[in-house]
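Engineer: So here's start_18.txt, just compact mmCIF, C-alpha atoms and all ligand atoms:
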# COMPACT_ATOMS: atom_id res chain seq x y z
CA MET X 1 -12.89 -23.22 -15.10
CA SER X 2 -16.20 -23.29 -13.26
CA ARG X 3 -16.94 -25.00 -9.96
CA LYS X 4 -19.98 -25.53 -7.80
CA PHE X 5 -20.19 -23.17 -4.85
CA PRO X 6 -21.47 -24.56 -1.56
CA ASP X 7 -24.84 -23.24 -0.35
CA THR X 8 -23.48 -22.04 2.97
CA LEU X 9 -20.00 -21.06 4.03
CA THR X 10 -19.41 -21.70 7.68
CA ASP X 11 -16.78 -20.77 10.17
CA GLY X 12 -14.93 -24.12 10.42
CA SER X 13 -14.61 -23.95 14.20
CA SER X 14 -18.16 -23.30 15.36
CA GLY X 15 -20.40 -23.98 12.39
CA THR X 16 -21.78 -20.43 12.69
CA PRO X 17 -22.37 -18.93 9.23
CA LYS X 18 -19.93 -16.09 9.68
CA PHE X 19 -19.08 -13.72 6.84
CA GLN X 20 -15.96 -15.33 5.43
CA VAL X 21 -13.34 -12.92 4.19
CA ALA X 22 -10.27 -14.16 2.34
CA ILE X 23 -7.37 -11.73 2.24
CA VAL X 24 -4.71 -12.31 -0.40
CA GLY X 25 -1.40 -10.93 0.85
CA GLY X 26 -0.04 -10.50 4.36
CA GLY X 27 1.75 -7.17 3.97
CA ILE X 28 0.71 -3.95 5.71
CA SER X 29 -2.63 -3.70 3.96
CA GLY X 30 -3.53 -7.37 4.42
CA LEU X 31 -2.66 -7.40 8.12
CA VAL X 32 -4.37 -4.09 8.92
CA THR X 33 -7.46 -5.11 6.95
CA ALA X 34 -7.60 -8.28 9.04
CA ILE X 35 -7.18 -6.30 12.28
CA ALA X 36 -9.91 -3.88 11.18
CA LEU X 37 -12.51 -6.32 9.93
CA LEU X 38 -12.02 -8.68 12.89
CA LYS X 39 -13.46 -5.92 15.06
CA HIS X 40 -16.81 -7.06 13.66
CA PRO X 41 -18.02 -10.19 15.52
CA GLY X 42 -19.68 -11.58 12.40
CA VAL X 43 -16.49 -11.68 10.34
CA SER X 44 -14.16 -14.61 9.94
CA ILE X 45 -10.82 -13.98 8.20
CA GLN X 46 -8.20 -16.09 6.50
CA ILE X 47 -5.02 -14.52 5.12
CA TYR X 48 -3.21 -16.22 2.24
CA GLU X 49 0.38 -15.06 1.89
CA ARG X 50 2.77 -16.11 -0.87
CA ALA X 51 5.92 -15.87 1.27
CA LYS X 52 6.96 -18.97 3.20
CA GLU X 53 7.92 -16.88 6.23
CA PHE X 54 7.57 -13.31 7.45
CA LYS X 55 10.81 -11.39 7.38
CA GLU X 56 11.83 -7.76 7.24
CA ILE X 57 13.33 -6.77 3.89
CA GLY X 58 15.18 -3.78 5.32
CA ALA X 59 13.39 -1.16 3.24
CA SER X 60 12.07 0.81 6.27
CA ILE X 61 8.53 2.15 6.21
CA GLY X 62 7.77 5.58 7.62
CA LEU X 63 4.16 6.13 8.70
CA GLY X 64 2.42 9.48 8.41
CA PRO X 65 0.06 10.98 10.99
CA ASN X 66 -2.93 9.79 8.91
CA GLY X 67 -1.89 6.12 9.07
CA LEU X 68 -0.88 6.33 12.71
CA ARG X 69 -4.25 7.87 13.60
CA SER X 70 -6.12 5.11 11.79
CA LEU X 71 -4.05 2.47 13.59
CA GLU X 72 -4.83 4.13 16.89
CA LYS X 73 -8.56 4.07 16.11
CA LEU X 74 -8.23 0.38 15.32
CA GLY X 75 -6.65 -0.16 18.71
CA VAL X 76 -3.11 -0.89 17.48
CA GLU X 77 -1.13 0.83 20.18
CA ASN X 78 2.37 -0.48 19.54
CA ALA X 79 2.37 0.80 15.95
CA LEU X 80 5.99 1.88 15.87
CA SER X 81 7.49 -1.40 16.92
CA GLY X 82 8.54 -3.75 14.12
CA ASP X 83 6.16 -6.64 14.83
CA ALA X 84 3.17 -4.46 15.81
CA LEU X 85 0.82 -5.63 13.10
CA LEU X 86 1.61 -9.33 13.40
CA ASP X 87 1.11 -9.11 17.16
CA ASN X 88 -2.48 -8.03 16.52
CA VAL X 89 -3.43 -10.85 14.15
CA PRO X 90 -4.14 -14.41 15.34
CA ARG X 91 -1.37 -16.58 13.84
CA ASP X 92 -3.74 -19.43 12.97
CA ILE X 93 -5.54 -17.33 10.35
CA ILE X 94 -2.31 -16.64 8.42
CA HIS X 95 -1.48 -19.26 5.80
CA LEU X 96 2.06 -18.93 4.46
CA GLY X 97 3.33 -20.34 1.18
CA LYS X 98 -0.09 -19.78 -0.46
CA GLU X 99 0.39 -17.94 -3.75
CA THR X 100 -2.90 -16.95 -5.33
CA ILE X 101 -2.93 -17.49 -9.07
CA ASP X 102 -6.61 -17.17 -9.95
CA ILE X 103 -9.95 -16.17 -8.46
CA GLU X 104 -13.48 -17.07 -9.49
CA ALA X 105 -16.04 -14.58 -8.26
CA ASN X 106 -19.73 -15.14 -8.56
CA GLY X 107 -21.92 -12.29 -7.36
CA ASN X 108 -24.57 -14.67 -6.03
CA ASP X 109 -22.39 -17.22 -4.34
CA GLY X 110 -18.93 -16.17 -3.32
CA VAL X 111 -15.36 -16.60 -4.40
CA ILE X 112 -13.00 -19.49 -4.99
CA ILE X 113 -9.33 -18.70 -4.65
CA HIS X 114 -6.89 -20.93 -6.49
CA PHE X 115 -3.32 -21.30 -5.31
CA LYS X 116 -0.13 -22.23 -7.08
CA ASP X 117 0.11 -25.44 -5.04
CA SER X 118 -3.08 -26.62 -6.82
CA THR X 119 -5.30 -26.16 -3.75
CA SER X 120 -8.35 -23.86 -3.60
CA LYS X 121 -10.29 -22.13 -0.84
CA LYS X 122 -13.72 -20.55 -0.83
CA ALA X 123 -14.99 -17.48 0.91
CA ASP X 124 -17.82 -14.94 0.76
CA ILE X 125 -15.54 -12.13 -0.42
CA CYS X 126 -11.91 -11.75 -1.35
CA ILE X 127 -9.74 -8.74 -0.61
CA GLY X 128 -6.71 -8.31 -2.82
CA ALA X 129 -3.92 -6.98 -0.59
CA ASP X 130 -1.17 -8.46 -2.72
CA GLY X 131 0.85 -5.37 -3.47
CA ILE X 132 1.76 -3.36 -6.53
CA HIS X 133 2.11 -6.44 -8.80
CA SER X 134 -1.25 -7.77 -7.54
CA ASN X 135 -2.50 -10.98 -9.12
CA VAL X 136 -5.98 -10.21 -7.83
CA ARG X 137 -5.96 -6.93 -9.77
CA LYS X 138 -4.57 -8.68 -12.86
CA THR X 139 -7.41 -11.22 -12.68
CA PHE X 140 -10.09 -8.55 -12.83
CA VAL X 141 -8.30 -5.74 -14.69
CA PRO X 142 -5.96 -7.59 -17.05
CA THR X 143 -5.42 -4.46 -19.13
CA HIS X 144 -3.85 -2.47 -16.29
CA THR X 145 -0.09 -2.19 -16.69
CA LEU X 146 2.82 -0.93 -14.61
CA HIS X 147 5.73 1.08 -15.94
CA TRP X 148 9.24 1.43 -14.64
CA THR X 149 9.50 5.16 -13.88
CA GLY X 150 13.27 5.33 -14.46
CA TRP X 151 13.87 5.87 -10.75
CA VAL X 152 15.89 3.32 -8.75
CA ALA X 153 16.07 3.74 -4.99
CA LEU X 154 19.25 2.70 -3.18
CA ARG X 155 18.46 1.77 0.40
CA ALA X 156 20.43 0.50 3.36
CA THR X 157 19.30 -0.33 6.88
CA PHE X 158 21.95 -0.95 9.49
CA GLU X 159 22.84 -0.67 13.18
CA ALA X 160 22.97 3.04 14.14
CA SER X 161 26.07 2.25 16.18
CA ARG X 162 28.01 2.10 12.90
CA LEU X 163 27.66 5.92 12.81
CA ASN X 164 29.40 6.45 16.15
CA ASP X 165 32.13 8.69 14.79
CA LEU X 166 29.89 10.75 12.56
CA ASP X 167 28.59 14.15 13.65
CA PHE X 168 25.18 14.53 12.01
CA PRO X 169 21.70 15.97 12.63
CA GLN X 170 19.81 13.36 14.65
CA ASP X 171 16.42 14.18 13.14
CA ALA X 172 15.35 12.51 9.94
CA ALA X 173 16.37 14.71 7.01
CA HIS X 174 15.78 14.93 3.31
CA TRP X 175 18.63 16.44 1.28
CA ILE X 176 17.63 17.65 -2.15
CA GLY X 177 20.09 17.97 -5.05
CA HIS X 178 19.94 18.75 -8.73
CA ASP X 179 19.49 15.25 -10.00
CA ARG X 180 19.01 13.14 -6.89
CA ASN X 181 17.99 13.26 -3.23
CA PHE X 182 19.21 11.67 -0.04
CA PHE X 183 17.21 10.70 3.03
CA HIS X 184 18.36 9.44 6.40
CA SER X 185 16.59 8.58 9.60
CA HIS X 186 16.88 6.67 12.84
CA LEU X 187 14.55 3.67 12.91
CA GLY X 188 13.23 1.58 15.79
CA LYS X 189 15.33 -1.18 17.39
CA GLY X 190 18.56 0.86 17.20
CA LEU X 191 18.58 0.80 13.41
CA PHE X 192 19.29 3.55 10.91
CA THR X 193 18.34 3.97 7.26
CA ALA X 194 20.09 5.74 4.39
CA VAL X 195 18.24 6.17 1.12
CA GLY X 196 19.49 7.58 -2.15
CA GLY X 197 18.80 6.80 -5.76
CA PHE X 198 19.12 7.77 -9.37
CA HIS X 199 16.90 8.73 -12.30
CA VAL X 200 17.48 7.57 -15.85
CA ASP X 201 15.50 7.71 -19.07
CA PRO X 202 13.33 4.56 -18.77
CA SER X 203 12.87 4.38 -22.53
CA SER X 204 16.62 3.99 -23.10
CA PRO X 205 17.44 0.31 -23.77
CA ASN X 206 20.80 0.66 -21.98
CA ALA X 207 19.50 2.64 -19.00
CA PRO X 208 21.44 1.71 -15.84
CA GLY X 209 19.05 0.04 -13.42
CA ARG X 210 16.86 -1.35 -16.21
CA ASP X 211 17.62 -4.90 -15.08
CA ALA X 212 17.68 -4.11 -11.35
CA LYS X 213 15.80 -6.65 -9.26
CA TRP X 214 13.54 -5.37 -6.47
CA ASN X 215 15.51 -5.72 -3.21
CA GLY X 216 18.53 -6.92 -5.23
CA LEU X 217 22.07 -6.22 -4.05
CA GLY X 218 23.51 -2.97 -5.42
CA SER X 219 27.03 -1.57 -5.61
CA LEU X 220 28.33 0.51 -2.69
CA GLU X 221 31.00 1.92 -5.02
CA GLN X 222 28.29 3.22 -7.33
CA PHE X 223 26.42 4.66 -4.32
CA LYS X 224 29.56 6.57 -3.32
CA GLU X 225 30.14 7.74 -6.87
CA PHE X 226 26.62 9.21 -7.05
CA TYR X 227 27.16 11.34 -3.94
CA LYS X 228 30.88 12.07 -4.13
CA ASP X 229 30.32 15.83 -4.60
CA TRP X 230 27.75 16.15 -1.82
CA ASN X 231 28.19 17.33 1.75
CA PRO X 232 30.78 15.04 3.48
CA THR X 233 28.15 14.00 6.05
CA ILE X 234 26.38 12.11 3.27
CA MET X 235 29.57 10.22 2.47
CA GLY X 236 29.82 9.39 6.19
CA PHE X 237 26.39 7.72 6.02
CA ILE X 238 27.34 5.85 2.86
CA GLU X 239 30.64 4.70 4.37
CA ALA X 240 28.63 3.23 7.27
CA CYS X 241 26.37 1.17 4.97
CA PRO X 242 27.39 -2.51 5.07
CA SER X 243 25.57 -3.13 1.79
CA ILE X 244 23.00 -1.47 -0.41
CA ARG X 245 19.76 -2.74 -1.91
CA LEU X 246 18.12 -1.67 -5.18
CA PHE X 247 14.42 -0.84 -5.51
CA PRO X 248 13.38 -0.01 -9.08
CA ASN X 249 10.26 2.12 -8.93
CA PHE X 250 7.08 1.13 -10.79
CA ALA X 251 3.81 3.00 -11.17
CA GLY X 252 0.51 2.60 -12.99
CA SER X 253 -2.56 4.68 -13.73
CA ALA X 254 -5.63 5.00 -11.53
CA LEU X 255 -8.09 2.11 -11.68
CA GLU X 256 -11.60 2.81 -12.87
CA ARG X 257 -12.98 0.71 -10.04
CA TRP X 258 -11.64 -1.15 -7.07
CA SER X 259 -14.32 -3.84 -6.69
CA PHE X 260 -15.51 -6.59 -8.96
CA ASN X 261 -18.58 -8.84 -9.22
CA ASP X 262 -19.75 -7.64 -5.78
CA ARG X 263 -17.30 -10.14 -4.30
CA VAL X 264 -13.76 -8.81 -4.66
CA THR X 265 -12.11 -5.55 -3.72
CA LEU X 266 -8.57 -4.20 -3.48
CA VAL X 267 -6.62 -2.44 -0.74
CA GLY X 268 -3.15 -0.91 -0.51
CA ASP X 269 -0.70 -0.95 -3.40
CA ALA X 270 -2.95 -3.41 -5.26
CA ALA X 271 -5.58 -0.66 -5.50
CA HIS X 272 -3.27 2.30 -6.08
CA THR X 273 -0.05 1.85 -7.97
CA HIS X 274 1.44 5.17 -6.97
CA GLY X 275 4.99 3.85 -6.90
CA GLY X 276 5.83 4.68 -3.30
CA ALA X 277 5.64 8.45 -3.82
CA PHE X 278 5.66 10.71 -0.73
CA ALA X 279 6.59 7.62 1.34
CA ALA X 280 2.84 7.41 1.79
CA GLY X 281 2.05 3.83 0.71
CA GLY X 282 2.05 2.31 4.18
CA SER X 283 -0.29 4.94 5.59
CA LEU X 284 -2.55 4.86 2.54
CA ALA X 285 -2.85 1.08 2.96
CA ILE X 286 -3.81 1.52 6.61
CA ASP X 287 -6.40 4.17 5.71
CA ASP X 288 -7.85 1.84 3.06
CA ALA X 289 -8.29 -0.87 5.67
CA TYR X 290 -9.93 1.52 8.11
CA ALA X 291 -12.26 2.90 5.43
CA LEU X 292 -13.30 -0.62 4.46
CA TYR X 293 -14.08 -1.39 8.08
CA LEU X 294 -16.11 1.81 8.46
CA ALA X 295 -18.10 0.97 5.32
CA LEU X 296 -18.72 -2.61 6.47
CA ASN X 297 -19.82 -1.53 9.91
CA HIS X 298 -22.09 1.17 8.47
CA VAL X 299 -23.93 -1.16 6.10
CA TRP X 300 -23.84 -4.23 8.36
CA PRO X 301 -23.47 -2.88 11.91
CA ALA X 302 -21.68 -5.01 14.47
CA SER X 303 -24.22 -3.81 17.04
CA THR X 304 -27.15 -5.45 15.23
CA TYR X 305 -25.32 -8.58 14.10
CA ARG X 306 -26.96 -11.85 15.02
CA THR X 307 -26.02 -14.68 12.68
CA GLU X 308 -27.04 -13.64 9.19
CA LYS X 309 -24.36 -12.60 6.69
CA PRO X 310 -24.58 -9.44 4.60
CA THR X 311 -26.58 -9.86 1.41
CA LYS X 312 -25.13 -9.42 -2.06
CA TYR X 313 -26.67 -5.92 -2.12
CA GLN X 314 -25.12 -5.04 1.20
CA ILE X 315 -21.72 -6.23 -0.02
CA SER X 316 -22.11 -4.11 -3.12
CA GLU X 317 -23.00 -1.13 -0.91
CA ILE X 318 -20.01 -1.74 1.38
CA PHE X 319 -17.66 -1.70 -1.62
CA ARG X 320 -19.40 1.36 -3.09
CA ILE X 321 -18.99 3.39 0.10
CA TYR X 322 -15.41 2.20 0.55
CA GLU X 323 -14.47 3.25 -2.98
CA ALA X 324 -16.28 6.56 -2.70
CA THR X 325 -14.38 7.29 0.52
CA ARG X 326 -10.95 6.45 -0.83
CA LYS X 327 -10.86 6.91 -4.61
CA PRO X 328 -11.09 10.72 -4.91
CA HIS X 329 -8.17 11.18 -2.51
CA ILE X 330 -6.10 8.42 -4.08
CA ASN X 331 -6.80 9.62 -7.62
CA LYS X 332 -5.64 13.09 -6.64
CA ILE X 333 -2.37 11.61 -5.35
CA LEU X 334 -1.94 9.53 -8.51
CA GLY X 335 -2.48 12.67 -10.61
CA VAL X 336 0.34 14.46 -8.77
CA VAL X 337 2.60 11.40 -8.97
CA HIS X 338 2.19 10.93 -12.71
CA LYS X 339 2.76 14.60 -13.36
CA ALA X 340 6.00 14.42 -11.35
CA ILE X 341 7.12 11.26 -13.17
CA ALA X 342 6.49 12.92 -16.55
CA GLY X 343 8.51 15.96 -15.38
CA GLN X 344 11.43 13.77 -14.27
CA LYS X 345 11.46 11.91 -17.59
CA ALA X 346 11.55 15.19 -19.48
CA ASP X 347 14.41 16.51 -17.31
CA VAL X 348 16.45 13.33 -17.76
CA LYS X 349 15.90 13.43 -21.53
CA THR X 350 16.86 17.06 -22.05
CA GLY X 351 19.87 16.67 -19.75
CA GLU X 352 19.71 20.40 -18.95
CA THR X 353 21.66 21.46 -15.89
CA GLU X 354 19.72 23.22 -13.17
CA THR X 355 21.32 26.30 -11.63
CA GLU X 356 21.71 26.70 -7.85
CA GLU X 357 19.01 29.35 -7.90
CA GLN X 358 16.65 27.10 -9.88
CA LEU X 359 17.23 24.33 -7.33
CA ARG X 360 16.50 26.73 -4.46
CA GLN X 361 13.29 27.86 -6.16
CA ARG X 362 12.24 24.27 -6.88
CA VAL X 363 12.66 23.37 -3.23
CA LEU X 364 10.79 26.47 -2.07
CA GLN X 365 7.93 25.89 -4.48
CA ARG X 366 7.51 22.15 -4.05
CA MET X 367 4.09 20.95 -3.03
CA ASP X 368 3.34 20.79 0.67
CA PRO X 369 2.31 17.13 1.12
CA GLU X 370 0.34 17.88 4.28
CA TRP X 371 -2.96 17.16 2.50
CA ILE X 372 -1.67 13.58 2.17
CA SER X 373 -0.08 13.07 5.57
CA GLU X 374 -2.92 14.80 7.44
CA HIS X 375 -5.78 13.32 5.42
CA ASP X 376 -8.67 12.41 7.71
CA VAL X 377 -10.14 9.21 6.32
CA GLU X 378 -12.96 9.17 8.87
CA ALA X 379 -14.07 12.66 7.84
CA ALA X 380 -14.00 11.57 4.18
CA PHE X 381 -16.14 8.58 5.09
CA GLN X 382 -18.64 10.74 7.03
CA GLU X 383 -18.91 13.09 4.07
CA ILE X 384 -19.82 10.18 1.78
CA ILE X 385 -22.35 8.87 4.27
CA GLY X 386 -23.89 12.35 4.44
CA LYS X 387 -24.24 12.42 0.67
CA ILE X 388 -25.70 8.93 0.55
CA GLY X 389 -28.22 9.99 3.19
CA VAL X 390 -29.42 12.81 0.93
CA ILE X 391 -29.62 10.50 -2.07
CA GLN X 392 -31.52 7.93 -0.04
CA GLU X 393 -34.13 10.45 0.96
CA LEU X 394 -34.70 11.32 -2.71
CA HIS X 395 -34.55 7.79 -4.13
CA GLU X 396 -35.42 5.64 -1.18
CA PRO X 397 -36.37 2.38 -2.98
CA ARG X 398 -33.31 2.30 -5.26
CA HIS X 399 -30.86 2.91 -2.51
CA ARG X 400 -32.43 0.87 0.21
CA LEU X 401 -29.75 -1.42 1.66
C1 LIG X 501 11.95 0.49 -1.09
C2 LIG X 501 10.60 0.93 -0.62
C3 LIG X 501 10.51 1.87 0.37
C4 LIG X 501 9.28 2.33 0.80
N1 LIG X 501 9.22 3.26 1.79
C5 LIG X 501 8.03 3.64 2.25
C6 LIG X 501 7.93 4.53 3.34
O1 LIG X 501 8.91 5.00 3.89
N2 LIG X 501 6.69 4.86 3.78
C7 LIG X 501 5.58 4.32 3.21
O2 LIG X 501 4.48 4.63 3.66
N3 LIG X 501 5.65 3.49 2.17
C8 LIG X 501 6.84 3.13 1.68
N4 LIG X 501 6.90 2.26 0.66
C9 LIG X 501 5.69 1.75 0.09
C10 LIG X 501 5.11 0.70 0.98
O3 LIG X 501 6.06 -0.31 1.23
C11 LIG X 501 3.91 0.08 0.31
O4 LIG X 501 3.05 1.10 -0.16
C12 LIG X 501 3.17 -0.76 1.31
O5 LIG X 501 4.03 -1.77 1.75
C13 LIG X 501 1.96 -1.36 0.67
O6 LIG X 501 1.52 -2.40 1.44
P1 LIG X 501 0.70 -3.57 0.78
O7 LIG X 501 0.36 -4.48 1.89
O8 LIG X 501 -0.40 -3.02 -0.05
O9 LIG X 501 1.70 -4.27 -0.23
P2 LIG X 501 3.01 -5.08 0.08
O10 LIG X 501 3.74 -4.55 1.24
O11 LIG X 501 3.72 -5.23 -1.21
O12 LIG X 501 2.46 -6.51 0.52
C14 LIG X 501 1.88 -7.40 -0.38
C15 LIG X 501 1.94 -8.80 0.21
O13 LIG X 501 1.25 -9.68 -0.66
C16 LIG X 501 2.04 -10.84 -0.88
N5 LIG X 501 1.68 -11.34 -2.19
C17 LIG X 501 2.00 -10.81 -3.40
N6 LIG X 501 1.47 -11.54 -4.39
C18 LIG X 501 0.81 -12.55 -3.79
C19 LIG X 501 0.02 -13.62 -4.30
N7 LIG X 501 -0.17 -13.81 -5.60
N8 LIG X 501 -0.54 -14.49 -3.41
C20 LIG X 501 -0.38 -14.30 -2.08
N9 LIG X 501 0.35 -13.31 -1.54
C21 LIG X 501 0.92 -12.43 -2.39
C22 LIG X 501 3.48 -10.34 -0.79
O14 LIG X 501 4.38 -11.39 -0.48
C23 LIG X 501 3.38 -9.32 0.33
O15 LIG X 501 3.55 -9.90 1.59
C24 LIG X 501 8.12 1.82 0.20
C25 LIG X 501 8.20 0.85 -0.80
C26 LIG X 501 9.44 0.42 -1.21
C27 LIG X 501 9.54 -0.62 -2.29
Spit out the file's structure as structure tokens when you get a sec.

Structural biologist:
Amino acid sequence: MSRKFPDTLTDGSSGTPKFQVAIVGGGISGLVTAIALLKHPGVSIQIYERAKEFKEIGASIGLGPNGLRSLEKLGVENALSGDALLDNVPRDIIHLGKETIDIEANGNDGVIIHFKDSTSKKADICIGADGIHSNVRKTFVPTHTLHWTGWVALRATFEASRLNDLDFPQDAAHWIGHDRNFFHSHLGKGLFTAVGGFHVDPSSPNAPGRDAKWNGLGSLEQFKEFYKDWNPTIMGFIEACPSIRLFPNFAGSALERWSFNDRVTLVGDAAHTHGGAFAAGGSLAIDDAYALYLALNHVWPASTYRTEKPTKYQISEIFRIYEATRKPHINKILGVVHKAIAGQKADVKTGETETEEQLRQRVLQRMDPEWISEHDVEAAFQEIIGKIGVIQELHEPRHRL
């Protein structure tokens, strides 16, 4: 399928040849990328979201200090309220019910995005922010696959008032057991979340959870059964759950590259299929968006913008700096995640019982995830810029922007 690209892409409202950015997906990464890139006066954004309406799925997203810091730098002050991101994005740039099924990307011209409803839109670049099952990623890296890790999360979000009679620690807490964990926390808007789960051997054809649908309704009886021998406080939380949702966990390996044909790049779960480990996905997505903005503004500064768009070489440089800022950190996380998944699979297969002392030692020796939650994306970006500066001095013509 090949179409003619127009010579100039203009901002429909003013006729100014703004840099047109199409974002596929209106989740955390899509919305924060829009907020970030719109800080540049030369950028025009359209977001194409598959869902017909925005609604909370009740999974609860915790944000780490890294993501919160990036949001603050982007001027999102009400980050902990439910609608914070949507409040910061003009509604008329969000197009709901637009499922992207294919993308044509031509380094010299731009991109054409094709939707399931048989319509198409063009833009200068496309940013795939369409989550872990990303169609944008599949278009450019069709060989990349996801695997069910054998872990199924059981999650409930409900009114905290349902816990009135329960005496429990008010801080968020993570309880760690031999074969499963339990997490609970207050959320905003008077809500509360309880999260458990189970591991099975994903290669077993009869593994419970094999057919679980993401966000599908689970069994409260099964939830109780899983935790029946735990501290009674846990049963109190479970008793308060009005229903429980299932979230089978998927993960995939690190991508070799995140940008394609100098016209398409990925952010958030589309770029890193880490399977929700360390509850870091939301913050990683936010840091991606901020890094992309920093790279754009470095190569094509807002302060010098008049009317011209970035050239193909500038776009390529933006993507190169963005990837260099994010990939080493993300690949390190993916390495840890896949090692942990392999360990879990081995434990489930051998079925060996862990002693109390072994559990205690495992908890004491587990990795401190501070390097993830305290990661400074701006410092990582500055480091890359410093290195590029040195390279530019040595190879000025090749690296001229
Ligand atoms: C149960 C659960 C609990 C989690 N808990 C945490 C947590 O506590 N903390 C944390 O940081 N992370 C958590 N995560 C991970 C976190 O939700 C993700 O990492 C984060 O949402 C990634 O954001 P995203 O925008 O990249 O992807 P998503 O949130 O998946 O958003 C992708 C968007 O793209 C849209 N889309 C998909 N395909 C198309 C298409 N073809 N065309 C157009 N639109 C499309 C989708 O409808 C969606 O709106 C959790 C994940 C799950 C499943």

Engineer: Between CA of Ile176 in chain X and CA of Pro248 in chain X, what is the spacing in Å?

Structural biologist: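 Computed distance, CA of Pro248 in chain X to CA of Ile176 in chain X, equals 19.4 Å.
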
Engineer: Once you count all atoms listed in the file, which residues end up within 8 Å of ligand LIG 501 (chain X), and could you hand them over as a PyMOL selection string?

Structural biologist: chain X and resi 24-31+48-51+54+59-64+97-101+115+129-136+153-155+214-215+246-249+267-271+275-285

Engineer: Write out as a PyMOL selection string which residues come within 9 Å of range 122-125 of chain X when counting only C-alpha atoms, dropping same-chain ones fewer than 6 positions away.

Structural biologist: chain X and resi 5-6+9+19-23+46+105+109-114+262-265+315

Engineer: Of the candidates X:Val200, X:Asp179, X:Ala291, X:Leu163, which shows the shortest atom-to-atom distance to Cys241 in chain X, using only C-alpha atoms?

Structural biologist: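 Once distances to Cys241 in chain X are computed over only C-alpha atoms, the minimum belongs to X:Leu163.
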
Engineer: Around the point (19.0, 4.7, 14.3) in the file's coordinates, collect all residues with an atom within 10 Å, using all atoms listed in the file, and return them as a list in words.

Structural biologist: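 Collected hits near the coordinates: Thr157, Phe158, Glu159, Ala160, Ser161, Arg162, Leu163, Gln170, Asp171, Ala172, His184, Ser185, His186, Leu187, Gly188, Lys189, Gly190, Leu191, Phe192 and Thr193 of chain X.
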
Engineer: For each of X:Arg137, X:Arg180, X:Ala289, X:Trp151, take the minimum atom-to-atom distance to Glu354 in chain X, counting all atoms listed in the file, then give the residue where this is smallest.

Structural biologist: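 Answer, going by the shortest atom-to-atom distance: X:Arg180.
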